[in-house]
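Colleague: Structure provided below as structure tokens; questions to follow.
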Amino acid sequence: MPSQAPSLTSMLQGLIGTISVSSVNPAYDHGNRAVIELLASWLADTGFRVEILPLPRQPTKANLLATLGSGPGGLVLSGHTDTVPFDAHRWSYEPLRLTEADDRYYGLGTADMKSFLALAIEAARGLDARTLRQPLMILATADEESAMHGARALVESGRPLGRYAVIGEPTGLRPIRLQKGVMGEAIRLVGRSGHASDPSLGNSALDGMHEVMSALMEWRVALQEGQRHPGFRIPHPTLNLGHIHGGDNPNRICGECELHLDLRLLPGQQASELRAELSERVAEIAARRDLSWSLEPLFESIPPSETPAGSAIVQVAETLTGHPAGAVNFGTEAPFLTQLGMETIVLGPGQIEQAHQPDEYLALDQIAPTLTLLRALIQQFCVQPQA
């Protein structure tokens, strides 16, 4: 007979107390193997078949897949094991220690989203694989907060998982079936520096970027007018010009300038097509101004995602929560799980407003409803699965 996982509080303490920051900046980046090994130990103790799936070329990082029961289909409860970097001096509590205060659990990852993994294990406590008509899987991924390497590795492997998936990002226990895609692009113009006293001595990349920015703001209007989706609070694509750097001194003509932008895509839009449109606009201005140019992604784009309103996982989640399935503008691993053939929703405790900031917390009154909800989903899709 399998032994039991530690208490829910002990699991939360272990997860919050184990650093697993992921970042595109190597100075802040950590592996997640210590968290994966904790989860693997607890899940093995409760009778799950546990697989640790190392990420290619990243020995300190891995995904984990734990399965109870057998057969095709089933339900996947999914969460990422990493957190964003943190500024300890801005916290009122120790970020890497679970602290109970004010009817809340404070700590890095309490809302986003280590707590969900502990809650998923707790919800499965006592289940007997022999009673499951379809399997229950708990999936823990790496690097969601940076480049989504863990989810991308799953897609590259092409391994089928379950039929339905629930990603436990903080949504206030309201189901989400729609998310926008995310692109980050860097535009670089190269001109010729020279003495500022005589414009003919150089070719200003900064002047060229001013024209590019004007063209992008016109494109932004066209994007907003050209496609809309009523499921989103902001029903159109968004384009944000978020960072610019050019030149080095006011008495020199700017020889190089770089602009970073953020694009949020609606379902149905393709990153490759938008990047081609962006390239055309930059290329036309650069050619007319005799500037060299390049366009490079800041990260591999995250596709948009839409699970049909008629999907069983959507309809069951709406019934259990009493809330219609909605949409979010932030990115999750949903499009990657969808690519693996799963009908996927995002549904978890906590609020996104509590994530990525000092004194992150999970309200204690979210715990019992989350366990009730997860147990009901397991009952619906594993114990008494739909045809």
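Identifiers in the structure tokens: chain A, B, ... in order shown; residue index from 1 per chain; ligand index from 1 in order shown.
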List the neighbours of A:Ala5 out to 10 Å using only C-alpha atoms; skip same-chain residues closer than 6 positions along the sequence, and give me the result as a PyMOL selection string.

Modeller: chain A and resi 11+39+41-47+118+121-122+125-126

Colleague: Dump C-alpha atoms for the selected residues as a compact mmCIF listing (two decimals), in the first residue's frame?

Modeller:
# COMPACT_ATOMS: atom_id res chain seq x y z
CA MET A 11 3.67 20.60 1.13
CA LEU A 39 6.70 16.70 -5.99
CA SER A 41 8.50 12.03 -3.85
CA TRP A 42 5.06 13.07 -2.62
CA LEU A 43 3.26 11.78 -5.71
CA ALA A 44 5.09 8.45 -5.68
CA ASP A 45 4.09 8.05 -2.03
CA THR A 46 0.43 8.41 -2.99
CA GLY A 47 0.53 5.78 -5.71
CA ALA A 118 0.01 21.11 -3.53
CA ILE A 121 -2.04 16.45 -4.68
CA GLU A 122 -4.29 17.07 -1.69
CA ARG A 125 -5.35 12.09 -1.58
CA GLY A 126 -6.99 8.73 -0.96

Colleague: Can you tell me which residues surround A:Ile138 at a distance of at most 12 Å, considering only C-alpha atoms, apart from same-chain residues fewer than 3 positions away, and format the answer as a compact mmCIF listing (two decimals) with N, CA and C atoms, in the first residue's frame?

Modeller:
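Dumped everything to result-v2.txt:
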# COMPACT_ATOMS: atom_id res chain seq x y z
N ILE A 36 10.85 19.79 -8.41
CA ILE A 36 10.38 18.60 -9.11
C ILE A 36 10.60 17.35 -8.25
N LEU A 39 7.98 17.15 -5.46
CA LEU A 39 6.70 16.70 -5.99
C LEU A 39 6.73 15.22 -6.36
N ALA A 40 7.83 14.79 -6.96
CA ALA A 40 7.94 13.39 -7.36
C ALA A 40 7.86 12.46 -6.15
N TRP A 42 6.40 13.08 -3.19
CA TRP A 42 5.06 13.07 -2.62
C TRP A 42 4.09 12.27 -3.50
N LEU A 43 4.19 12.45 -4.80
CA LEU A 43 3.26 11.78 -5.71
C LEU A 43 3.52 10.27 -5.76
N ALA A 44 4.78 9.88 -5.72
CA ALA A 44 5.09 8.45 -5.68
C ALA A 44 4.54 7.83 -4.41
N PHE A 48 0.99 7.43 -7.46
CA PHE A 48 1.12 7.86 -8.85
C PHE A 48 2.37 7.25 -9.48
N ARG A 49 2.30 6.98 -10.77
CA ARG A 49 3.48 6.64 -11.55
C ARG A 49 4.14 7.96 -11.96
N VAL A 50 5.38 8.13 -11.58
CA VAL A 50 6.04 9.42 -11.71
C VAL A 50 7.14 9.36 -12.77
N GLU A 51 7.13 10.34 -13.65
CA GLU A 51 8.18 10.48 -14.67
C GLU A 51 8.77 11.89 -14.57
N ILE A 52 10.07 11.96 -14.43
CA ILE A 52 10.78 13.24 -14.50
C ILE A 52 11.34 13.37 -15.92
N ASN A 63 10.41 18.87 -16.44
CA ASN A 63 8.98 18.72 -16.21
C ASN A 63 8.76 17.44 -15.41
N LEU A 64 7.57 17.34 -14.84
CA LEU A 64 7.17 16.13 -14.13
C LEU A 64 5.77 15.74 -14.58
N LEU A 65 5.58 14.47 -14.86
CA LEU A 65 4.26 13.94 -15.18
C LEU A 65 3.98 12.77 -14.24
N ALA A 66 2.91 12.89 -13.46
CA ALA A 66 2.51 11.83 -12.54
C ALA A 66 1.13 11.34 -12.94
N THR A 67 0.96 10.02 -13.03
CA THR A 67 -0.27 9.43 -13.54
C THR A 67 -0.83 8.44 -12.55
N LEU A 68 -2.13 8.57 -12.29
CA LEU A 68 -2.86 7.60 -11.48
C LEU A 68 -3.93 6.99 -12.36
N GLY A 69 -3.92 5.66 -12.49
CA GLY A 69 -4.83 5.01 -13.41
C GLY A 69 -4.18 4.81 -14.75
N GLY A 74 -8.77 11.14 -19.98
CA GLY A 74 -8.50 11.53 -18.61
C GLY A 74 -8.29 13.02 -18.46
N LEU A 75 -7.93 13.40 -17.23
CA LEU A 75 -7.83 14.80 -16.82
C LEU A 75 -6.41 15.10 -16.39
N VAL A 76 -5.90 16.25 -16.84
CA VAL A 76 -4.58 16.75 -16.44
C VAL A 76 -4.77 17.99 -15.59
N LEU A 77 -4.19 17.98 -14.39
CA LEU A 77 -4.13 19.16 -13.54
C LEU A 77 -2.70 19.69 -13.65
N SER A 78 -2.54 20.89 -14.17
CA SER A 78 -1.23 21.38 -14.59
C SER A 78 -0.85 22.68 -13.88
N GLY A 79 0.41 22.76 -13.51
CA GLY A 79 0.93 24.00 -12.94
C GLY A 79 2.41 24.14 -13.22
N HIS A 80 2.89 25.37 -13.22
CA HIS A 80 4.33 25.59 -13.41
C HIS A 80 5.02 25.70 -12.05
N PHE A 116 -1.15 25.65 -6.22
CA PHE A 116 -2.07 24.79 -6.98
C PHE A 116 -1.55 23.36 -7.05
N LEU A 117 -0.24 23.18 -7.18
CA LEU A 117 0.31 21.84 -7.26
C LEU A 117 0.08 21.08 -5.96
N ALA A 118 0.29 21.75 -4.82
CA ALA A 118 0.01 21.11 -3.53
C ALA A 118 -1.48 20.80 -3.39
N LEU A 119 -2.32 21.70 -3.84
CA LEU A 119 -3.77 21.49 -3.76
C LEU A 119 -4.21 20.34 -4.66
N ALA A 120 -3.58 20.19 -5.81
CA ALA A 120 -3.92 19.08 -6.70
C ALA A 120 -3.58 17.75 -6.04
N ILE A 121 -2.41 17.68 -5.38
CA ILE A 121 -2.04 16.45 -4.68
C ILE A 121 -3.00 16.18 -3.53
N GLU A 122 -3.35 17.23 -2.81
CA GLU A 122 -4.29 17.07 -1.69
C GLU A 122 -5.65 16.60 -2.19
N ALA A 123 -6.11 17.14 -3.32
CA ALA A 123 -7.41 16.74 -3.86
C ALA A 123 -7.41 15.27 -4.27
N ALA A 124 -6.24 14.76 -4.66
CA ALA A 124 -6.14 13.36 -5.09
C ALA A 124 -5.87 12.41 -3.93
N PRO A 135 -7.57 8.07 -16.54
CA PRO A 135 -6.50 8.47 -15.63
C PRO A 135 -6.57 9.92 -15.18
N THR A 141 5.51 21.91 -14.70
CA THR A 141 6.37 22.36 -15.80
C THR A 141 7.44 23.34 -15.33
N LEU A 161 -1.21 13.39 -23.78
CA LEU A 161 -1.45 13.33 -22.34
C LEU A 161 -2.91 12.96 -22.11
N GLY A 162 -3.72 13.89 -21.60
CA GLY A 162 -5.12 13.59 -21.35
C GLY A 162 -6.02 14.19 -22.41
N TYR A 164 -8.59 16.32 -21.33
CA TYR A 164 -8.94 17.63 -20.78
C TYR A 164 -7.82 18.09 -19.85
N ALA A 165 -7.63 19.41 -19.78
CA ALA A 165 -6.59 19.96 -18.91
C ALA A 165 -7.12 21.19 -18.18
N VAL A 166 -6.69 21.31 -16.92
CA VAL A 166 -6.96 22.49 -16.11
C VAL A 166 -5.62 23.05 -15.66
N ILE A 167 -5.33 24.28 -16.04
CA ILE A 167 -4.12 24.97 -15.61
C ILE A 167 -4.49 25.87 -14.44
N GLY A 168 -3.83 25.67 -13.30
CA GLY A 168 -4.28 26.34 -12.08
C GLY A 168 -3.71 27.72 -11.84
N LEU A 374 -11.67 20.78 -7.39
CA LEU A 374 -10.79 19.80 -8.02
C LEU A 374 -11.33 18.38 -7.83
N ILE A 378 -12.27 15.78 -10.83
CA ILE A 378 -11.73 14.43 -10.88
C ILE A 378 -12.87 13.41 -10.95

Colleague: Rounded to one decimal in Å, what is the spacing between atom CA of A:Ala312 and atom CA of A:Val383?

Modeller: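 Pair atom CA of A:Ala312 / atom CA of A:Val383 returns 15.2 Å.
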
Colleague: May I have a table of the residues of stretch 268-364 of chain A lying at most 10 Å from stretch 202-214 of chain A, giving each one's closest pair of atoms and their distance in Å to one decimal, counting only C-alpha atoms, ordered by chain and ascending residue number, as JSON lines?

Modeller:
{"residue": "A:Leu278", "atom": "CA", "partner": "A:Val212", "partner_atom": "CA", "distance": 10.0}
{"residue": "A:Arg281", "atom": "CA", "partner": "A:Val212", "partner_atom": "CA", "distance": 7.6}
{"residue": "A:Val282", "atom": "CA", "partner": "A:Val212", "partner_atom": "CA", "distance": 6.3}
{"residue": "A:Ala283", "atom": "CA", "partner": "A:Val212", "partner_atom": "CA", "distance": 9.5}
{"residue": "A:Glu284", "atom": "CA", "partner": "A:Val212", "partner_atom": "CA", "distance": 9.5}
{"residue": "A:Ile285", "atom": "CA", "partner": "A:Val212", "partner_atom": "CA", "distance": 6.8}
{"residue": "A:Ala286", "atom": "CA", "partner": "A:Gly208", "partner_atom": "CA", "distance": 7.1}
{"residue": "A:Arg288", "atom": "CA", "partner": "A:Gly208", "partner_atom": "CA", "distance": 9.6}
{"residue": "A:Arg289", "atom": "CA", "partner": "A:Gly208", "partner_atom": "CA", "distance": 7.0}
{"residue": "A:Asp290", "atom": "CA", "partner": "A:Asn203", "partner_atom": "CA", "distance": 8.1}
{"residue": "A:Leu291", "atom": "CA", "partner": "A:Ala205", "partner_atom": "CA", "distance": 7.1}
{"residue": "A:Ser292", "atom": "CA", "partner": "A:Ala205", "partner_atom": "CA", "distance": 9.0}
{"residue": "A:Trp293", "atom": "CA", "partner": "A:Ala205", "partner_atom": "CA", "distance": 9.6}

Colleague: Write the residues of the selection above to a file with C-alpha atoms, as a JSON list (two decimals), in the first residue's frame.

Modeller:
[["chain", "number", "residue", "atom", "x", "y", "z"],
["A", 278, "LEU", "CA", 5.78, 44.72, -39.25],
["A", 281, "ARG", "CA", 6.57, 48.84, -42.59],
["A", 282, "VAL", "CA", 10.08, 49.03, -41.17],
["A", 283, "ALA", "CA", 11.73, 48.06, -44.45],
["A", 284, "GLU", "CA", 9.92, 50.77, -46.43],
["A", 285, "ILE", "CA", 11.04, 53.53, -44.06],
["A", 286, "ALA", "CA", 14.59, 52.21, -43.75],
["A", 288, "ARG", "CA", 13.73, 55.51, -48.09],
["A", 289, "ARG", "CA", 16.08, 56.87, -45.41],
["A", 290, "ASP", "CA", 19.07, 54.71, -46.43],
["A", 291, "LEU", "CA", 19.18, 52.99, -43.03],
["A", 292, "SER", "CA", 20.11, 49.41, -42.26],
["A", 293, "TRP", "CA", 17.51, 47.57, -40.24]]

Colleague: What are the closest atom pairs, with distances in Å to one decimal, for all residues of stretch 37-115 of chain A lying within 7 Å of stretch 355-362 of chain A? Consider only C-alpha atoms, order rows by chain and residue number, and present the result as CSV.

Modeller:
residue,atom,partner,partner_atom,distance
A:Val84,CA,A:His356,CA,6.4
A:Arg90,CA,A:Pro358,CA,6.0
A:Trp91,CA,A:Pro358,CA,5.0
A:Ser92,CA,A:Asp359,CA,6.4
A:Tyr93,CA,A:Asp359,CA,6.7
A:Arg104,CA,A:Leu362,CA,5.6
A:Tyr105,CA,A:Leu362,CA,5.2
A:Tyr106,CA,A:Tyr361,CA,4.3
A:Gly107,CA,A:Glu360,CA,5.8
A:Leu108,CA,A:Glu360,CA,6.1
A:Thr110,CA,A:Tyr361,CA,5.5
A:Ala111,CA,A:Leu362,CA,5.2
A:Asp112,CA,A:Ala355,CA,5.7

Colleague: Take the residues that were just selected and, keeping N, CA and C atoms, output them as a PDB file, in the first residue's frame.

Modeller:
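To be explicit, this is the file written out as part_18.pdb:
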ATOM      1  N   VAL A  84       8.778  34.200 -10.626  1.00  0.00           N
ATOM      2  CA  VAL A  84       9.541  35.350 -11.111  1.00  0.00           C
ATOM      3  C   VAL A  84      10.618  35.712 -10.081  1.00  0.00           C
ATOM      4  N   ARG A  90      11.750  44.419  -0.286  1.00  0.00           N
ATOM      5  CA  ARG A  90      10.445  45.059  -0.441  1.00  0.00           C
ATOM      6  C   ARG A  90       9.315  44.225   0.169  1.00  0.00           C
ATOM      7  N   TRP A  91       9.627  43.049   0.656  1.00  0.00           N
ATOM      8  CA  TRP A  91       8.625  42.175   1.260  1.00  0.00           C
ATOM      9  C   TRP A  91       8.493  42.468   2.754  1.00  0.00           C
ATOM     10  N   SER A  92       7.277  42.341   3.264  1.00  0.00           N
ATOM     11  CA  SER A  92       7.042  42.420   4.703  1.00  0.00           C
ATOM     12  C   SER A  92       7.335  41.091   5.377  1.00  0.00           C
ATOM     13  N   TYR A  93       7.346  40.020   4.581  1.00  0.00           N
ATOM     14  CA  TYR A  93       7.579  38.670   5.080  1.00  0.00           C
ATOM     15  C   TYR A  93       8.716  38.046   4.277  1.00  0.00           C
ATOM     16  N   ARG A 104      -4.264  34.823   5.449  1.00  0.00           N
ATOM     17  CA  ARG A 104      -3.606  34.617   4.159  1.00  0.00           C
ATOM     18  C   ARG A 104      -2.346  33.795   4.353  1.00  0.00           C
ATOM     19  N   TYR A 105      -1.936  33.099   3.283  1.00  0.00           N
ATOM     20  CA  TYR A 105      -0.608  32.522   3.194  1.00  0.00           C
ATOM     21  C   TYR A 105       0.237  33.441   2.325  1.00  0.00           C
ATOM     22  N   TYR A 106       1.318  33.978   2.920  1.00  0.00           N
ATOM     23  CA  TYR A 106       2.245  34.818   2.169  1.00  0.00           C
ATOM     24  C   TYR A 106       3.461  33.989   1.743  1.00  0.00           C
ATOM     25  N   GLY A 107       4.039  34.345   0.591  1.00  0.00           N
ATOM     26  CA  GLY A 107       5.246  33.699   0.123  1.00  0.00           C
ATOM     27  C   GLY A 107       5.319  33.714  -1.390  1.00  0.00           C
ATOM     28  N   LEU A 108       6.529  33.632  -1.904  1.00  0.00           N
ATOM     29  CA  LEU A 108       6.749  33.668  -3.345  1.00  0.00           C
ATOM     30  C   LEU A 108       6.188  32.402  -3.989  1.00  0.00           C
ATOM     31  N   THR A 110       2.834  31.651  -3.821  1.00  0.00           N
ATOM     32  CA  THR A 110       1.589  31.215  -3.185  1.00  0.00           C
ATOM     33  C   THR A 110       0.396  31.358  -4.129  1.00  0.00           C
ATOM     34  N   ALA A 111       0.353  32.470  -4.875  1.00  0.00           N
ATOM     35  CA  ALA A 111      -0.721  32.658  -5.851  1.00  0.00           C
ATOM     36  C   ALA A 111      -0.314  32.147  -7.220  1.00  0.00           C
ATOM     37  N   ASP A 112       0.919  32.389  -7.598  1.00  0.00           N
ATOM     38  CA  ASP A 112       1.379  32.124  -8.968  1.00  0.00           C
ATOM     39  C   ASP A 112       2.628  31.252  -8.945  1.00  0.00           C
TER      40      ASP A 112
END

Colleague: What is the atom CA of A:Arg159-atom CA of A:Thr60 distance in Å, reported with one decimal?

Modeller: 21.8 Å

Colleague: Separation of atom CA of A:Arg264 and atom CA of A:Leu239, in Å?

Modeller: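 Pair atom CA of A:Arg264 / atom CA of A:Leu239 returns 6.6 Å.
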
Colleague: Could you give me, as a PyMOL selection string, the residues within 10 Å of A:Ile367, counting only C-alpha atoms and dropping anything in the same chain fewer than 2 positions from it?

Modeller: chain A and resi 115-116+119+349-350+362-365+369-373

Colleague: Just the alpha helix (DSSP H) stuff from stretch 174-310 of chain A, please, per backbone DSSP, written as an MDAnalysis selection string.

Modeller: chainID A and resid 205:226 271:288

Colleague: Write the residues of the selection above to a file with C-alpha atoms, as a tab-separated table (two decimals), in the first residue's frame.

Modeller:
chain	number	residue	atom	x	y	z
A	205	ALA	CA	18.81	56.39	-36.79
A	206	LEU	CA	16.79	58.16	-34.12
A	207	ASP	CA	15.03	60.32	-36.71
A	208	GLY	CA	14.29	57.16	-38.66
A	209	MET	CA	12.91	55.45	-35.56
A	210	HIS	CA	10.64	58.45	-34.97
A	211	GLU	CA	9.08	57.77	-38.36
A	212	VAL	CA	8.88	54.04	-37.62
A	213	MET	CA	7.07	54.79	-34.37
A	214	SER	CA	4.57	56.99	-36.17
A	215	ALA	CA	3.94	54.22	-38.69
A	216	LEU	CA	3.47	51.69	-35.88
A	217	MET	CA	0.93	53.88	-34.13
A	218	GLU	CA	-1.02	54.11	-37.40
A	219	TRP	CA	-0.76	50.32	-37.72
A	220	ARG	CA	-2.03	49.97	-34.16
A	221	VAL	CA	-5.23	51.80	-35.13
A	222	ALA	CA	-5.63	49.57	-38.18
A	223	LEU	CA	-5.18	46.45	-36.04
A	224	GLN	CA	-7.78	47.64	-33.57
A	225	GLU	CA	-10.27	48.38	-36.33
A	226	GLY	CA	-9.53	45.27	-38.36
A	271	ALA	CA	2.58	35.70	-35.18
A	272	SER	CA	4.36	34.99	-38.48
A	273	GLU	CA	1.85	37.07	-40.43
A	274	LEU	CA	2.05	40.01	-38.02
A	275	ARG	CA	5.84	39.87	-38.07
A	276	ALA	CA	5.76	40.00	-41.88
A	277	GLU	CA	3.50	43.07	-41.78
A	278	LEU	CA	5.78	44.72	-39.25
A	279	SER	CA	8.83	43.99	-41.41
A	280	GLU	CA	7.21	45.59	-44.45
A	281	ARG	CA	6.57	48.84	-42.59
A	282	VAL	CA	10.08	49.03	-41.17
A	283	ALA	CA	11.73	48.06	-44.45
A	284	GLU	CA	9.92	50.77	-46.43
A	285	ILE	CA	11.04	53.53	-44.06
A	286	ALA	CA	14.59	52.21	-43.75
A	287	ALA	CA	15.01	51.98	-47.53
A	288	ARG	CA	13.73	55.51	-48.09

Colleague: Can you tell me which residues surround A:Thr307 at a distance of at most 10 Å, considering only C-alpha atoms, apart from same-chain residues fewer than 4 positions away, and format the answer as JSON, numbers by chain?

Modeller: {"A": [176, 177, 178, 179, 311, 313, 314, 325, 334, 335, 338, 342, 343, 344, 345]}

Colleague: Kindly export the residues of the current selection with C-alpha atoms, as an mmCIF file, in the first residue's frame.

Modeller:
data_model
loop_
_atom_site.group_PDB
_atom_site.id
_atom_site.type_symbol
_atom_site.label_atom_id
_atom_site.label_comp_id
_atom_site.auth_asym_id
_atom_site.auth_seq_id
_atom_site.Cartn_x
_atom_site.Cartn_y
_atom_site.Cartn_z
ATOM 1 C CA ILE A 176 -10.986 30.950 -18.500
ATOM 2 C CA ARG A 177 -11.252 29.532 -22.023
ATOM 3 C CA LEU A 178 -9.659 32.365 -24.034
ATOM 4 C CA GLN A 179 -6.263 34.021 -23.900
ATOM 5 C CA SER A 311 -16.354 21.835 -24.694
ATOM 6 C CA ILE A 313 -14.471 20.912 -19.604
ATOM 7 C CA VAL A 314 -15.804 24.439 -20.137
ATOM 8 C CA ALA A 325 -15.958 31.049 -18.869
ATOM 9 C CA ALA A 334 -2.849 26.819 -22.464
ATOM 10 C CA PRO A 335 -1.964 27.087 -26.185
ATOM 11 C CA THR A 338 -4.054 22.630 -26.644
ATOM 12 C CA MET A 342 -6.293 18.672 -24.908
ATOM 13 C CA GLU A 343 -9.342 20.837 -24.370
ATOM 14 C CA THR A 344 -7.883 23.277 -21.885
ATOM 15 C CA ILE A 345 -9.137 25.824 -19.387
#

Colleague: Tell me, which residues of stretch 133-241 of chain A carry DSSP strand (DSSP E), written as a PyMOL selection string?

Modeller: chain A and resi 136-141+164-167+176-179+181-190+238-241

Colleague: So, counting only C-alpha atoms, which residue among A:Val182, A:Leu55, A:Leu8, A:Val346 is closest to A:Val155?

Modeller: A:Leu55

Colleague: Would you mind telling me which residue in A:Ile16, A:Leu201, A:Leu266, A:Ala376 lies nearest to A:Ile302 when using only C-alpha atoms?

Modeller: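 Smallest separation from A:Ile302 among the options: A:Leu266.
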
Colleague: Taking only C-alpha atoms into account, which of A:Asn32, A:Gln351, A:Ser200, A:Asn329 comes nearest A:Pro59?

Modeller: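 Answer, going by the shortest atom-to-atom distance: A:Asn32.
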
Colleague: What's around A:Gly268 at 10 Å? Count only C-alpha atoms, leave out sequence neighbours fewer than 3 positions away in its own chain, and write the answer as an NGL selection string.

Modeller: :A and (180-181 or 227 or 229 or 265 or 271 or 303-306)

Colleague: Can you write just those residues out, C-alpha atoms, as a JSON list (two decimals), in the first residue's frame?

Modeller:
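See part-v8.json below for the written result:
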[["chain", "number", "residue", "atom", "x", "y", "z"],
["A", 180, "LYS", "CA", -4.41, 36.39, -26.16],
["A", 181, "GLY", "CA", -1.08, 35.52, -27.70],
["A", 227, "GLN", "CA", -10.20, 42.47, -35.90],
["A", 229, "HIS", "CA", -13.22, 39.41, -30.33],
["A", 265, "LEU", "CA", -2.77, 38.68, -30.56],
["A", 271, "ALA", "CA", 2.58, 35.70, -35.18],
["A", 303, "PRO", "CA", 0.18, 31.73, -29.51],
["A", 304, "PRO", "CA", -3.36, 32.78, -28.61],
["A", 305, "SER", "CA", -5.71, 30.08, -27.36],
["A", 306, "GLU", "CA", -9.43, 29.43, -27.52]]

Colleague: Here is a test: counting only C-alpha atoms, which residue of A:Glu318, A:Asp102, A:Ala140, A:Leu12 is nearest to A:Glu37?

Modeller: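 Under the stated criterion, the closest residue is A:Ala140.
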